[in-house]
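Raw contents of my_file_32.tsv, TSV, C-alpha atoms:
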```tsv
chain	number	residue	atom	x	y	z
S	207	MET	CA	-43.13	-13.36	21.62
S	208	SER	CA	-40.44	-15.84	22.66
S	209	THR	CA	-38.55	-17.64	19.90
S	210	GLU	CA	-38.13	-20.88	21.91
S	211	PRO	CA	-41.22	-22.73	20.59
S	212	LEU	CA	-40.20	-21.86	17.04
S	213	GLN	CA	-36.68	-23.08	17.79
S	214	ARG	CA	-37.99	-26.47	18.88
S	215	ARG	CA	-40.23	-26.76	15.82
S	216	ILE	CA	-37.47	-25.94	13.37
S	217	GLY	CA	-35.02	-28.20	15.18
S	218	ARG	CA	-37.02	-31.24	14.07
S	219	ARG	CA	-36.33	-30.52	10.43
S	220	LYS	CA	-33.35	-31.65	8.44
S	221	LEU	CA	-31.47	-28.38	7.85
S	222	LEU	CA	-28.02	-29.41	6.66
S	223	THR	CA	-27.32	-30.30	3.06
S	224	GLY	CA	-27.04	-34.06	3.21
S	225	ALA	CA	-26.03	-36.64	5.78
S	226	ALA	CA	-22.33	-36.40	4.93
S	227	GLY	CA	-22.29	-32.62	5.40
S	228	GLY	CA	-24.12	-32.95	8.70
S	229	ALA	CA	-21.70	-35.56	9.99
S	230	MET	CA	-18.76	-33.37	8.99
S	231	ALA	CA	-20.26	-30.36	10.73
S	232	VAL	CA	-20.97	-32.19	14.00
S	233	GLY	CA	-17.56	-33.83	14.01
S	234	ALA	CA	-15.73	-30.59	13.37
S	235	ALA	CA	-17.65	-28.75	16.07
S	236	ALA	CA	-16.89	-31.48	18.59
S	237	ILE	CA	-13.17	-31.56	17.83
S	238	ILE	CA	-12.23	-27.97	17.00
S	239	GLY	CA	-13.72	-24.96	18.79
S	240	CYS	CA	-12.98	-21.28	18.40
S	241	GLY	CA	-10.53	-20.72	21.21
S	242	ASP	CA	-12.42	-17.82	22.78
S	243	ASP	CA	-10.59	-17.18	26.04
S	244	ASP	CA	-13.31	-14.98	27.54
S	245	ASP	CA	-15.87	-17.82	27.56
S	246	GLU	CA	-15.60	-20.65	30.01
S	247	GLN	CA	-17.94	-22.93	28.09
S	248	ALA	CA	-17.87	-23.78	24.43
S	249	ALA	CA	-20.74	-22.45	22.33
S	250	PRO	CA	-23.32	-25.07	21.32
S	251	ASP	CA	-23.17	-26.51	17.83
S	252	TRP	CA	-25.51	-24.58	15.59
S	253	GLY	CA	-27.48	-27.62	14.39
S	254	GLY	CA	-28.02	-25.84	11.09
S	255	GLN	CA	-29.93	-22.96	12.66
S	256	VAL	CA	-29.31	-19.39	13.84
S	257	VAL	CA	-32.00	-17.53	15.80
S	258	SER	CA	-32.08	-13.74	15.60
S	259	ARG	CA	-33.31	-12.53	19.00
S	260	PHE	CA	-35.71	-9.56	19.01
S	261	VAL	CA	-34.65	-6.56	21.13
S	262	ARG	CA	-36.51	-3.33	21.83
S	263	THR	CA	-33.53	-1.08	21.15
S	264	ASP	CA	-31.41	-0.45	18.09
S	265	VAL	CA	-29.17	-3.28	16.95
S	266	PRO	CA	-25.65	-2.21	18.00
S	267	GLU	CA	-22.77	-1.84	15.55
S	268	ASP	CA	-20.21	-2.12	18.36
S	269	PRO	CA	-18.92	-5.74	18.54
S	270	TRP	CA	-18.29	-5.27	22.27
S	271	ALA	CA	-21.78	-3.99	23.13
S	272	SER	CA	-23.27	-5.89	26.06
S	273	LEU	CA	-26.58	-6.22	24.19
S	274	TRP	CA	-25.06	-9.02	22.11
S	275	ASP	CA	-25.05	-11.18	25.24
S	276	ARG	CA	-28.83	-11.48	24.90
S	277	ALA	CA	-28.52	-13.36	21.60
S	278	PRO	CA	-28.10	-17.14	21.51
S	279	ARG	CA	-24.51	-17.96	20.52
S	280	VAL	CA	-23.72	-20.91	18.28
S	281	GLU	CA	-20.51	-22.43	16.95
S	282	ILE	CA	-20.40	-23.11	13.24
S	283	PRO	CA	-17.73	-25.32	11.62
S	284	MET	CA	-16.31	-24.08	8.33
S	285	GLN	CA	-15.80	-26.36	5.34
S	286	PRO	CA	-13.50	-26.74	2.32
S	287	GLN	CA	-14.40	-24.89	-0.87
S	288	SER	CA	-14.04	-27.35	-3.74
S	289	SER	CA	-16.60	-26.04	-6.24
S	290	ALA	CA	-15.01	-23.00	-7.91
S	291	LEU	CA	-11.43	-21.96	-8.71
S	292	PRO	CA	-9.33	-21.00	-6.85
S	293	LEU	CA	-10.10	-23.86	-4.47
S	294	ARG	CA	-9.51	-24.19	-0.74
S	295	MET	CA	-9.38	-27.88	0.13
S	296	GLN	CA	-8.92	-27.27	3.87
S	297	PRO	CA	-10.68	-24.44	5.73
S	298	SER	CA	-8.28	-21.71	6.84
S	299	VAL	CA	-10.54	-21.03	9.84
S	300	PRO	CA	-11.94	-24.17	11.48
S	301	ALA	CA	-14.97	-22.59	13.17
S	302	ILE	CA	-16.72	-19.31	13.92
S	303	ARG	CA	-19.16	-18.17	16.58
S	304	VAL	CA	-22.30	-16.30	15.61
S	305	ARG	CA	-25.01	-14.28	17.33
S	306	SER	CA	-27.89	-12.35	15.75
S	307	LEU	CA	-30.23	-9.59	16.94
S	308	ASN	CA	-33.05	-7.69	15.28
S	309	ASP	CA	-35.06	-4.68	16.40
S	310	GLY	CA	-37.97	-5.08	14.00
S	311	LYS	CA	-36.34	-2.80	11.42
S	312	ARG	CA	-32.72	-3.93	11.17
S	313	ILE	CA	-30.99	-7.24	11.67
S	314	GLY	CA	-27.40	-7.68	12.80
S	315	PHE	CA	-24.92	-10.54	12.98
S	316	LEU	CA	-21.90	-10.76	15.29
S	317	LEU	CA	-19.22	-13.09	13.91
S	318	GLU	CA	-16.16	-14.10	15.95
S	319	TRP	CA	-13.19	-16.21	14.96
S	320	SER	CA	-9.55	-16.79	15.84
S	321	ASP	CA	-6.94	-15.29	13.51
S	322	PRO	CA	-3.38	-14.83	14.81
S	323	GLN	CA	-2.55	-12.30	12.09
S	324	ARG	CA	-4.54	-9.15	11.30
S	325	ASP	CA	-4.53	-8.66	7.52
S	326	GLU	CA	-6.02	-5.27	6.68
S	327	HIS	CA	-4.09	-4.24	3.58
S	328	ALA	CA	-4.68	-5.25	-0.04
S	329	VAL	CA	-2.50	-2.74	-1.89
S	330	LYS	CA	0.47	-4.88	-2.92
S	331	THR	CA	-0.12	-7.82	-5.26
S	332	THR	CA	1.10	-10.11	-2.46
S	333	GLN	CA	-1.35	-8.75	0.13
S	334	PHE	CA	-4.78	-10.23	0.86
S	335	ARG	CA	-7.19	-8.92	3.46
S	336	ASP	CA	-9.28	-10.71	6.07
S	337	GLY	CA	-13.02	-10.68	5.58
S	338	CYS	CA	-16.33	-12.35	6.32
S	339	GLY	CA	-19.68	-12.71	4.65
S	340	VAL	CA	-23.28	-13.49	5.51
S	341	LEU	CA	-25.35	-15.07	2.72
S	342	LEU	CA	-29.15	-14.88	2.87
S	343	GLY	CA	-31.83	-16.32	0.63
S	344	PRO	CA	-35.43	-17.51	0.51
S	345	PRO	CA	-36.35	-20.74	2.32
S	346	ASP	CA	-36.24	-24.15	0.64
S	347	VAL	CA	-33.41	-23.31	-1.75
S	348	PRO	CA	-31.31	-26.15	-3.24
S	349	ALA	CA	-28.16	-27.36	-1.48
S	350	ALA	CA	-25.94	-25.58	-4.03
S	351	PHE	CA	-27.29	-22.19	-2.90
S	352	PHE	CA	-24.49	-21.74	-0.37
S	353	MET	CA	-22.10	-21.20	-3.31
S	354	MET	CA	-23.28	-17.66	-4.04
S	355	GLY	CA	-26.87	-18.53	-4.97
S	356	VAL	CA	-28.21	-20.31	-8.04
S	357	THR	CA	-29.34	-19.18	-11.49
S	358	ASP	CA	-33.01	-18.64	-10.66
S	359	ARG	CA	-32.63	-17.59	-7.01
S	360	ALA	CA	-30.27	-14.78	-6.10
S	361	ALA	CA	-28.27	-14.75	-2.90
S	362	SER	CA	-28.25	-11.52	-0.88
S	363	ILE	CA	-24.81	-11.05	0.66
S	364	LEU	CA	-23.29	-8.83	3.33
S	365	HIS	CA	-19.51	-8.64	2.92
S	366	TRP	CA	-17.24	-7.07	5.55
S	367	ARG	CA	-13.69	-6.25	4.43
S	368	ALA	CA	-10.80	-5.59	6.81
S	369	ASP	CA	-9.14	-3.23	4.30
S	370	TRP	CA	-12.30	-1.11	4.08
S	371	GLN	CA	-12.37	-1.01	7.88
S	372	LYS	CA	-8.77	0.23	7.79
S	373	ASP	CA	-9.74	2.90	5.23
S	374	ILE	CA	-12.48	4.14	7.57
S	375	ASP	CA	-10.40	4.00	10.75
S	376	ASP	CA	-7.09	5.39	9.44
S	377	GLY	CA	-7.76	6.93	6.02
S	378	PHE	CA	-7.60	5.54	2.49
S	379	GLN	CA	-4.80	2.98	2.16
S	380	ASP	CA	-3.13	3.38	-1.21
S	381	LEU	CA	0.39	3.03	-2.64
S	382	GLU	CA	1.71	5.46	-0.04
S	383	SER	CA	0.79	3.05	2.76
S	384	ALA	CA	2.51	0.14	1.02
S	385	PHE	CA	5.52	2.18	-0.12
S	386	PRO	CA	5.95	5.06	2.37
S	387	ASN	CA	9.11	6.36	0.65
S	388	VAL	CA	7.48	6.70	-2.77
S	389	ALA	CA	8.43	9.86	-4.68
S	390	PHE	CA	7.52	11.48	-7.98
S	391	ASP	CA	9.18	14.25	-9.95
S	392	PHE	CA	6.18	15.83	-11.61
S	393	TYR	CA	2.47	15.05	-11.64
S	394	PRO	CA	0.33	18.12	-12.45
S	395	PRO	CA	-2.68	17.53	-10.17
S	396	LEU	CA	-0.39	16.98	-7.19
S	397	VAL	CA	2.16	19.75	-7.59
S	398	ASP	CA	0.77	21.68	-4.63
S	399	ALA	CA	-0.66	18.71	-2.76
S	400	PRO	CA	0.23	18.47	0.96
S	401	ARG	CA	2.55	15.76	2.24
S	402	PRO	CA	2.06	13.02	3.23
S	403	LEU	CA	-0.08	12.52	0.17
S	404	VAL	CA	-3.70	11.63	0.94
S	405	ILE	CA	-6.15	10.70	-1.79
S	406	SER	CA	-9.65	11.88	-0.83
S	407	ASP	CA	-12.95	12.96	-2.33
S	408	ASP	CA	-11.29	16.35	-2.86
S	409	TYR	CA	-8.81	14.89	-5.34
S	410	PRO	CA	-8.76	17.27	-8.35
S	411	VAL	CA	-11.29	16.32	-11.03
S	412	ARG	CA	-8.76	16.97	-13.77
S	413	GLY	CA	-6.48	14.31	-12.29
S	414	ARG	CA	-9.07	11.57	-11.84
S	415	PRO	CA	-8.82	10.11	-15.37
S	416	TRP	CA	-5.30	9.08	-14.36
S	417	LEU	CA	-6.81	7.04	-11.52
S	418	PRO	CA	-9.06	4.80	-13.63
S	419	GLY	CA	-10.64	2.86	-10.76
S	420	MET	CA	-11.75	5.99	-8.95
S	421	HIS	CA	-12.73	7.68	-12.23
S	422	ALA	CA	-14.91	4.72	-13.28
S	423	GLY	CA	-16.66	4.53	-9.91
S	424	ASN	CA	-15.17	1.19	-8.87
S	425	PRO	CA	-16.22	0.78	-5.21
S	426	LEU	CA	-12.86	-0.79	-4.37
S	427	SER	CA	-11.05	2.37	-5.53
S	428	GLN	CA	-13.12	5.05	-3.83
S	429	PRO	CA	-11.06	6.95	-1.26
S	430	THR	CA	-13.97	7.51	1.14
S	431	LYS	CA	-15.72	4.41	2.44
S	432	ARG	CA	-19.11	5.03	4.06
S	433	SER	CA	-19.22	1.55	5.59
S	434	PRO	CA	-16.92	-1.49	5.80
S	435	VAL	CA	-19.89	-3.68	4.82
S	436	GLU	CA	-20.90	-4.05	1.17
S	437	ARG	CA	-24.28	-5.24	-0.12
S	438	LEU	CA	-23.94	-7.74	-2.96
S	439	LEU	CA	-26.14	-9.97	-5.11
S	440	ALA	CA	-25.12	-13.20	-6.84
S	441	ASN	CA	-26.69	-15.97	-8.92
S	442	GLY	CA	-23.81	-18.41	-8.62
S	443	PRO	CA	-19.99	-18.31	-8.68
S	444	GLY	CA	-18.58	-15.50	-10.81
S	445	THR	CA	-21.78	-13.43	-10.83
S	446	ILE	CA	-21.18	-11.14	-7.84
S	447	THR	CA	-22.76	-7.68	-8.27
S	448	HIS	CA	-22.25	-4.48	-6.26
S	449	LEU	CA	-25.74	-3.14	-5.55
S	450	PRO	CA	-26.87	0.47	-6.13
S	451	THR	CA	-28.18	1.03	-2.59
S	452	GLN	CA	-25.41	0.57	-0.05
S	453	ASP	CA	-26.95	1.03	3.40
S	454	ALA	CA	-25.43	-1.91	5.26
S	455	THR	CA	-23.37	-0.97	8.31
S	456	GLY	CA	-21.01	-2.66	10.72
S	457	ARG	CA	-17.63	-2.68	12.37
S	458	GLY	CA	-14.77	-5.12	12.83
S	459	ILE	CA	-12.24	-5.14	15.68
S	460	TRP	CA	-9.17	-7.38	15.93
S	461	ASN	CA	-7.86	-7.94	19.44
S	462	GLU	CA	-5.34	-10.46	20.77
S	463	GLY	CA	-5.61	-12.82	17.83
S	464	ARG	CA	-9.35	-12.66	17.38
S	465	TRP	CA	-11.80	-10.86	15.07
S	466	LYS	CA	-15.18	-9.65	16.29
S	467	VAL	CA	-17.24	-8.29	13.39
S	468	VAL	CA	-20.78	-6.86	13.24
S	469	LEU	CA	-22.73	-6.71	9.97
S	470	THR	CA	-26.20	-5.11	9.86
S	471	ARG	CA	-28.85	-4.36	7.23
S	472	GLU	CA	-32.48	-3.37	6.97
S	473	LEU	CA	-34.97	-6.22	7.22
S	474	ASP	CA	-36.68	-4.84	4.13
S	475	ALA	CA	-34.93	-5.29	0.81
S	476	SER	CA	-33.12	-2.14	-0.34
S	477	ASN	CA	-32.51	-3.32	-3.93
S	478	ALA	CA	-34.36	-5.24	-6.61
S	479	GLU	CA	-33.98	-9.05	-6.38
S	480	GLU	CA	-32.67	-8.89	-2.81
S	481	VAL	CA	-34.39	-11.09	-0.27
S	482	GLY	CA	-36.60	-9.15	2.15
S	483	LEU	CA	-36.73	-10.42	5.73
S	484	LYS	CA	-39.74	-10.66	8.01
S	485	ALA	CA	-40.00	-11.37	11.73
S	486	GLY	CA	-41.24	-14.86	12.55
S	487	SER	CA	-40.05	-16.31	9.23
S	488	GLU	CA	-37.26	-18.64	8.10
S	489	TYR	CA	-34.56	-17.98	5.50
S	490	ALA	CA	-31.57	-19.75	4.01
S	491	LEU	CA	-28.30	-18.76	5.66
S	492	ALA	CA	-24.57	-19.40	5.25
S	493	PHE	CA	-21.30	-17.76	6.34
S	494	THR	CA	-17.88	-17.30	4.77
S	495	ILE	CA	-14.45	-16.37	6.13
S	496	TRP	CA	-11.36	-15.13	4.28
S	497	ALA	CA	-7.93	-15.30	5.97
S	498	GLY	CA	-5.53	-12.99	4.17
S	499	SER	CA	-2.39	-14.56	5.65
S	500	GLU	CA	-3.50	-17.88	4.14
S	501	GLY	CA	-3.81	-16.36	0.66
S	502	ASP	CA	-7.61	-16.27	0.68
S	503	ARG	CA	-9.27	-14.11	-1.98
S	504	GLY	CA	-12.31	-14.45	-4.20
S	505	SER	CA	-13.60	-18.01	-4.13
S	506	ARG	CA	-10.57	-19.19	-2.13
S	507	LYS	CA	-12.41	-19.02	1.18
S	508	SER	CA	-13.86	-21.10	4.01
S	509	PRO	CA	-17.67	-21.40	3.79
S	510	SER	CA	-20.14	-22.96	6.21
S	511	ASN	CA	-22.80	-25.45	5.29
S	512	LEU	CA	-26.19	-24.10	4.32
S	513	GLY	CA	-28.50	-23.62	7.28
S	514	LYS	CA	-31.56	-21.66	8.37
S	515	LEU	CA	-32.11	-18.25	9.92
S	516	LEU	CA	-35.15	-17.80	12.18
S	517	ILE	CA	-36.02	-14.15	12.85
S	518	GLY	CA	-37.60	-13.69	16.26
S	519	GLU	CA	-40.43	-11.23	16.77
S	520	ALA	CA	-41.75	-9.12	19.64
```

Could you render the structure from this file as structure tokens?
Amino acid sequence: MSTEPLQRRIGRRKLLTGAAGGAMAVGAAAIIGCGDDDDEQAAPDWGGQVVSRFVRTDVPEDPWASLWDRAPRVEIPMQPQSSALPLRMQPSVPAIRVRSLNDGKRIGFLLEWSDPQRDEHAVKTTQFRDGCGVLLGPPDVPAAFFMMGVTDRAASILHWRADWQKDIDDGFQDLESAFPNVAFDFYPPLVDAPRPLVISDDYPVRGRPWLPGMHAGNPLSQPTKRSPVERLLANGPGTITHLPTQDATGRGIWNEGRWKVVLTRELDASNAEEVGLKAGSEYALAFTIWAGSEGDRGSRKSPSNLGKLLIGEA
């Protein structure tokens, strides 16, 4: 079934969070743009709505897959973040472009934005990585929902991290990547370890208590990343939770000053309290970008306004 009639019906509704936010979004989209050199025409303003086009083949994880051309592309202006410390009073990324596909089982989002510097390390205290997020929730949530959900309605979040992508592509990035000339005189678990030193799942069990993040199961510290996309749940700022079932997938590629990132998940909820998605239905939707070179981390980020996701069906 075509999604066009549903698009027209939803377009008559007020989807942005207030007249001021809507005016800001339209103005920003008209003035700024994403600077995508491979497109002759600017993407249309999103109007507070993203349509996920149904396809009869698997949703691709490759950002360059030609199948993404079938999805409607929209341009979404990003906004300041002035609700939770640390603040970002001007967006580090002015706008992003978004497409979405679903195959009846999985849904995927392709996010594109300009970033002249690829930040894919977060080892040193002065390093911050690029990233992006897709926030999903039930329909008719309050305007404050775009800030990581609200107390009685959890936000389901897909979070892609450039440093996790680097871990997957080139191996776990630890102190040795930040300080390649590091040396140690004596450390029992590593006496016979090969050089260059690589921390992996084979790291000796007897040595893991000395690596407290890995030993405690902190997902940030695990040497083997299964996916660069993390599934999270939140009920407001400061409540982010790493979920038990991590089956989101995706891939990010930086090329000539531009990120193209795919994030995918099952339509069905994989964890308790997550929002399940159904073809033909509407959901709350927002996006977030982190620019490492601009010092973005945690709540210092560039979010979009709250809008709607319409999932097309066969």

- Query: Excluding same-chain residues fewer than 5 positions from segment 317-334 of chain S, what lies within 7 Å of it counting only C-alpha atoms, as an NGL selection string?
  - Reply: :S and (240-241 or 301-305 or 368-369 or 372 or 380-381 or 384 or 460 or 463-468 or 498-499 or 501-503)

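Nearest to Leu515 of chain S of all the residues S:Leu342, S:Val256, S:Leu473, S:Ile313 is S:Val256, counting only C-alpha atoms.
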
- Item | Given only C-alpha atoms as the counted atoms, nearest of S:Pro415, S:Gly504, S:Gly377, S:Pro450 to Asp336 of chain S |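 Nearest to Asp336 of chain S: S:Gly504.
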
- Mind checking which residues fall within 12 Å of Phe315 of chain S, counting all atoms listed in the file, ignoring those fewer than 6 positions away in the same chain, and posting them as a ChimeraX atom specification? /S:256-259,265-269,274,277-280,303-308,338-342,364-366,435,454-458,466-471,491-493,515,517

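For the atom pair formed by atom CA of Gly419 of chain S and atom CA of Ile405 of chain S, the distance is 12.7 Å, given to one decimal.
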
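When only C-alpha atoms are used to compute distances to Gly337 of chain S, the closest of the residues S:Leu291, S:Ala497, S:Ala485, S:Val261 turns out to be S:Ala497.
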
- Item | Selected residue of minimal separation from Trp252 of chain S among S:Leu483, S:Leu273, S:Leu512, S:Leu438, counting only C-alpha atoms |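 Comparing S:Leu483, S:Leu273, S:Leu512, S:Leu438 against Trp252 of chain S, the winner is S:Leu512.
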
- Using all atoms listed in the file, find the one residue out of S:Met284, S:Ile374, S:Ala248, S:Leu316 that sits nearest to Ser298 of chain S.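 Checking each of S:Met284, S:Ile374, S:Ala248, S:Leu316 against Ser298 of chain S, counting all atoms listed in the file, the winner is S:Met284.
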
- Message: So the first atom is atom CA of Tyr489 of chain S and the second is atom CA of Gly314 of chain S; what is the distance between them in Å, to one decimal place?
- Response: 14.5 Å

- Message: Taking 6 positions as the minimum chain separation for residues in the same chain, which residues sit within 10 Å of Asp346 of chain S when counting all atoms listed in the file? Answer as a PyMOL selection string.
- Response: chain S and resi 221+488-490+514

What would segment 299-309 of chain S look like with all heavy atoms in place, written as a tab-separated table (two decimals), keeping the file's coordinate frame?
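Output (result.tsv):
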```tsv
chain	number	residue	atom	x	y	z
S	299	VAL	N	-9.98	-21.28	8.51
S	299	VAL	CA	-10.54	-21.03	9.84
S	299	VAL	C	-11.45	-22.20	10.17
S	299	VAL	O	-12.42	-22.44	9.46
S	299	VAL	CB	-11.33	-19.70	9.87
S	299	VAL	CG1	-12.01	-19.50	11.22
S	299	VAL	CG2	-10.40	-18.53	9.56
S	300	PRO	N	-11.16	-22.96	11.22
S	300	PRO	CA	-11.94	-24.17	11.48
S	300	PRO	C	-13.38	-23.92	11.92
S	300	PRO	O	-14.26	-24.70	11.59
S	300	PRO	CB	-11.15	-24.88	12.58
S	300	PRO	CG	-10.34	-23.81	13.23
S	300	PRO	CD	-10.02	-22.82	12.15
S	301	ALA	N	-13.62	-22.82	12.65
S	301	ALA	CA	-14.97	-22.59	13.17
S	301	ALA	C	-15.15	-21.13	13.52
S	301	ALA	O	-14.17	-20.41	13.79
S	301	ALA	CB	-15.23	-23.46	14.41
S	302	ILE	N	-16.38	-20.68	13.51
S	302	ILE	CA	-16.72	-19.31	13.92
S	302	ILE	C	-17.85	-19.38	14.94
S	302	ILE	O	-18.55	-20.39	15.05
S	302	ILE	CB	-17.13	-18.42	12.74
S	302	ILE	CG1	-18.42	-18.96	12.08
S	302	ILE	CG2	-16.01	-18.32	11.72
S	302	ILE	CD1	-18.98	-18.03	11.01
S	303	ARG	N	-18.03	-18.29	15.66
S	303	ARG	CA	-19.16	-18.17	16.58
S	303	ARG	C	-20.05	-17.02	16.11
S	303	ARG	O	-19.55	-15.97	15.70
S	303	ARG	CB	-18.68	-17.94	18.01
S	303	ARG	CG	-18.07	-19.21	18.60
S	303	ARG	CD	-17.59	-19.03	20.01
S	303	ARG	NE	-17.13	-20.31	20.54
S	303	ARG	CZ	-16.54	-20.47	21.72
S	303	ARG	NH1	-16.34	-19.41	22.50
S	303	ARG	NH2	-16.15	-21.66	22.13
S	304	VAL	N	-21.34	-17.24	16.19
S	304	VAL	CA	-22.30	-16.30	15.61
S	304	VAL	C	-23.42	-15.99	16.59
S	304	VAL	O	-23.91	-16.88	17.28
S	304	VAL	CB	-22.89	-16.87	14.30
S	304	VAL	CG1	-23.99	-15.95	13.76
S	304	VAL	CG2	-21.80	-17.08	13.26
S	305	ARG	N	-23.80	-14.73	16.65
S	305	ARG	CA	-25.01	-14.28	17.33
S	305	ARG	C	-25.77	-13.38	16.37
S	305	ARG	O	-25.18	-12.78	15.47
S	305	ARG	CB	-24.69	-13.47	18.60
S	305	ARG	CG	-23.89	-14.20	19.67
S	305	ARG	CD	-23.62	-13.23	20.82
S	305	ARG	NE	-22.66	-13.73	21.77
S	305	ARG	CZ	-22.95	-14.28	22.95
S	305	ARG	NH1	-24.23	-14.42	23.29
S	305	ARG	NH2	-22.01	-14.69	23.77
S	306	SER	N	-27.08	-13.24	16.58
S	306	SER	CA	-27.89	-12.35	15.75
S	306	SER	C	-28.96	-11.67	16.59
S	306	SER	O	-29.57	-12.29	17.47
S	306	SER	CB	-28.54	-13.11	14.59
S	306	SER	OG	-29.30	-12.23	13.77
S	307	LEU	N	-29.18	-10.38	16.30
S	307	LEU	CA	-30.23	-9.59	16.94
S	307	LEU	C	-31.01	-8.86	15.86
S	307	LEU	O	-30.48	-8.55	14.79
S	307	LEU	CB	-29.63	-8.54	17.89
S	307	LEU	CG	-28.89	-9.02	19.13
S	307	LEU	CD1	-28.18	-7.85	19.80
S	307	LEU	CD2	-29.85	-9.69	20.11
S	308	ASN	N	-32.27	-8.58	16.15
S	308	ASN	CA	-33.05	-7.69	15.28
S	308	ASN	C	-33.95	-6.83	16.15
S	308	ASN	O	-34.37	-7.23	17.23
S	308	ASN	CB	-33.86	-8.50	14.25
S	308	ASN	CG	-35.15	-9.05	14.80
S	308	ASN	OD1	-36.19	-8.38	14.78
S	308	ASN	ND2	-35.10	-10.28	15.33
S	309	ASP	N	-34.22	-5.61	15.65
S	309	ASP	CA	-35.06	-4.68	16.40
S	309	ASP	C	-36.39	-4.40	15.70
S	309	ASP	O	-37.06	-3.43	16.00
S	309	ASP	CB	-34.32	-3.37	16.66
S	309	ASP	CG	-33.82	-2.70	15.37
S	309	ASP	OD1	-34.39	-2.97	14.29
S	309	ASP	OD2	-32.88	-1.89	15.44
```
